[in-house]
Amino acid sequence: MKLSPLAERLGRDGSAVVAGLLGSTLVAALLYLRWGINGKLSRDESVYAYGGQQLAHGVAPYVSIFDPKGPGATMFAGIFAGIGHLFGRNDLYFIRLGFFLLSLLTVVAIYLLALRLWRSVIAAVVAAVVFASFTGFAEDALSGPDAKTPGIAAVVFCMWLAVRRQWFLSGVAAAIGFVVWQPLGFFAVVVALVALLTSEPGTRGRAFVRVAVGSLLPIAAVAIYFAVAGAWHAFIEAAFVFPLTGVQRGSVSLSERVLRIAGVVHGSYGFSGVLMWLGMAVLIGVAGLRLARARRQWRPAMADPLICVVLFALFTQLLYAFGDFQGYPDVYPLLPFGALGMGGLAAVLVAEARSATVRRVVVSAALGAALVLSAFSWVQFGNDADASSNTLRDERADACAVEVMLGSTGRLWAMGDPTSLVLLHRRNPDRFIYLGSGVDKWRDKHTKGGFDAWTAKITAVNPAVIVVSGWHGSGDRPRMNRWLSQGNYVRRFVGPWLVYLTPAAVNAAQARHIPLQHEPSNYATNRHGHRLAAAPCI
């Protein structure tokens, strides 16, 4: 499809490109900042914050916490936590700021890729603004860290580099995505096949080797790190063996999976989810139109980067989503394609304009629509209860109560959710903190002595406080609850956290007038019912 002279001129105009990039990034920053840095630290986010904290202290990923995802998110969190330590600042805030920058970098990558695909600054601006307006991604941009954020930035850059035929760097970016989240490894396969099949005769082998070498470098670096750190077995077990053989999910049919995906997109993304579906439909439609127009010249048409890179990558992510989909972060790999499609829609409308006047009207309308979407998202994000809340303050109050009960010598043990460990900067006696998706059963099966060895270790450590949170399902949770209740522990709630306390911990709470509840509440309080102040505790 031939683009308009205006679009071509804008694509070549360096000042317009820079202005569009800066404007789009500024819009994204303003939208992401609407959510604030003090949002709730969820279970999944605390897994990577905890792993990052421990890595900054020299404890390798998987040794600190068993996690079935790749080590990339934990490594990024560790870098940002280490920077925070250098400045003597709160490491959680630095982790969140670091992932915020990675979120903005993803918007930059979307802009560059759309500009390359559509040769239009207008299309690039629209794509970047649409991506910045995706609610689920925006919500975690500053109040994360979300595990997939670095991976999405990596694979969008991977596609941009592949479109530019920079095979080695594209392979590196794809491998970084894989190191973050294993299913993103499909991008490396797509790029390798594109390099092999679309390069000029005589250069195909070299192009494929460049992708292969680029893909192997980050993986080899990570493997060497774990070998040197003495964590090779933990790495292989958690990142590969368990995801392939140990994950336990409920049986779900394809139709149920599709309905679940649609429901999550509708519930978590709202209007921006409609834009994602529309954008993906446009992307597929434009690619199909190009193939139809090619007629018998289908081989050159298949070499179009929109088809061989972007469309094929989209299909891999759709297929994976239909096979395994859990929640709104699993939509992240689909978001770039929705944004690119909306940018493509703007490019097509400009290209189809028959006169300079009509083109100016279309360009103005596209920029106006992007501005309206930005304003709408700004208002919508600000009206969200999670955006305006300081849930982290509540969690700090809960951690404050736990800190009081631990005293100077008591030990903390977390099961299911490491949030208490993150806020109190403590290391768990056991690396099996996250216990969902069958991890608890895996621990039993692959630990000598099974469940009895687990309880024996708890007895030996004798933790003053055991926090049980974020551990759902039928697994070992009921059995563990029974064992703890029958032992020398008192079952209570501190805010929303279920805690098992030794008599000494109960006495410490009573001495500081911290009520221990029989039912969960929003946050821990003092005897007057006021939220505990975190400053004296943390």
# chains A, B, ... in the order shown; residues from 1 in each chain; ligands from 1
>>> closest_atom_pairs(of="stretch 328-428 of chain A", to="stretch 179-195 of chain A", cutoff="12 Å", atoms="only C-alpha atoms", output="JSON lines")
{"residue": "A:Pro329", "atom": "CA", "partner": "A:Trp181", "partner_atom": "CA", "distance": 11.7}
{"residue": "A:Asp330", "atom": "CA", "partner": "A:Pro183", "partner_atom": "CA", "distance": 10.6}
{"residue": "A:Tyr332", "atom": "CA", "partner": "A:Leu184", "partner_atom": "CA", "distance": 11.0}
{"residue": "A:Pro333", "atom": "CA", "partner": "A:Leu184", "partner_atom": "CA", "distance": 8.1}
{"residue": "A:Leu334", "atom": "CA", "partner": "A:Leu184", "partner_atom": "CA", "distance": 11.3}
>>> select_by_dssp(residues="stretch 272-428 of chain A", states="helix (DSSP H, G or I)", output="count of residues only")
126
>>> atom_distance(atom1="atom CA of A:Gly39", atom2="atom CA of A:Leu275")
25.7 Å
>>> residues_around(residues="stretch 370-373 of chain A", least_positions_apart="3", cutoff="7 Å", atoms="only C-alpha atoms", output="PDB file with N, CA and C atoms, in the first residue's frame")
ATOM      1  N   VAL A 126       0.069   7.868  17.119  1.00  0.00           N
ATOM      2  CA  VAL A 126      -1.176   7.190  17.482  1.00  0.00           C
ATOM      3  C   VAL A 126      -0.877   5.856  18.156  1.00  0.00           C
ATOM      4  N   VAL A 129       0.506   6.458  21.745  1.00  0.00           N
ATOM      5  CA  VAL A 129      -0.512   6.967  22.674  1.00  0.00           C
ATOM      6  C   VAL A 129      -1.511   5.862  23.014  1.00  0.00           C
ATOM      7  N   ALA A 366      -6.612  12.575  13.295  1.00  0.00           N
ATOM      8  CA  ALA A 366      -5.852  11.517  13.968  1.00  0.00           C
ATOM      9  C   ALA A 366      -5.155  12.058  15.210  1.00  0.00           C
ATOM     10  N   LEU A 367      -4.523  13.214  15.084  1.00  0.00           N
ATOM     11  CA  LEU A 367      -3.859  13.813  16.245  1.00  0.00           C
ATOM     12  C   LEU A 367      -4.882  14.232  17.295  1.00  0.00           C
ATOM     13  N   PHE A 376      -9.021  11.315  27.945  1.00  0.00           N
ATOM     14  CA  PHE A 376      -9.957  10.336  28.489  1.00  0.00           C
ATOM     15  C   PHE A 376      -9.243   9.378  29.440  1.00  0.00           C
ATOM     16  N   SER A 377      -8.076   8.907  29.036  1.00  0.00           N
ATOM     17  CA  SER A 377      -7.306   7.986  29.885  1.00  0.00           C
ATOM     18  C   SER A 377      -6.848   8.678  31.155  1.00  0.00           C
TER      19      SER A 377
END
>>> residues_around(residues="stretch 142-157 of chain A", least_positions_apart="5", cutoff="8 Å", atoms="only C-alpha atoms", output="PyMOL selection string")
chain A and resi 32-33+35-41+44-46+48-49+72-74+76-77+95-97+99-100+102-103+105-106+109-110+113+170+173-174+176-181+184+187+329+332-333+336
>>> residues_around(residues="stretch 161-169 of chain A", least_positions_apart="6", cutoff="8 Å", atoms="only C-alpha atoms", output="number ranges by chain")
A: 116-117, 191, 195, 207-208, 210-215, 305, 309
>>> select_by_dssp(residues="stretch 308-527 of chain A", states="strand (DSSP E)", output="ChimeraX atom specification")
/A:412-415,465-468,490-494,497-501
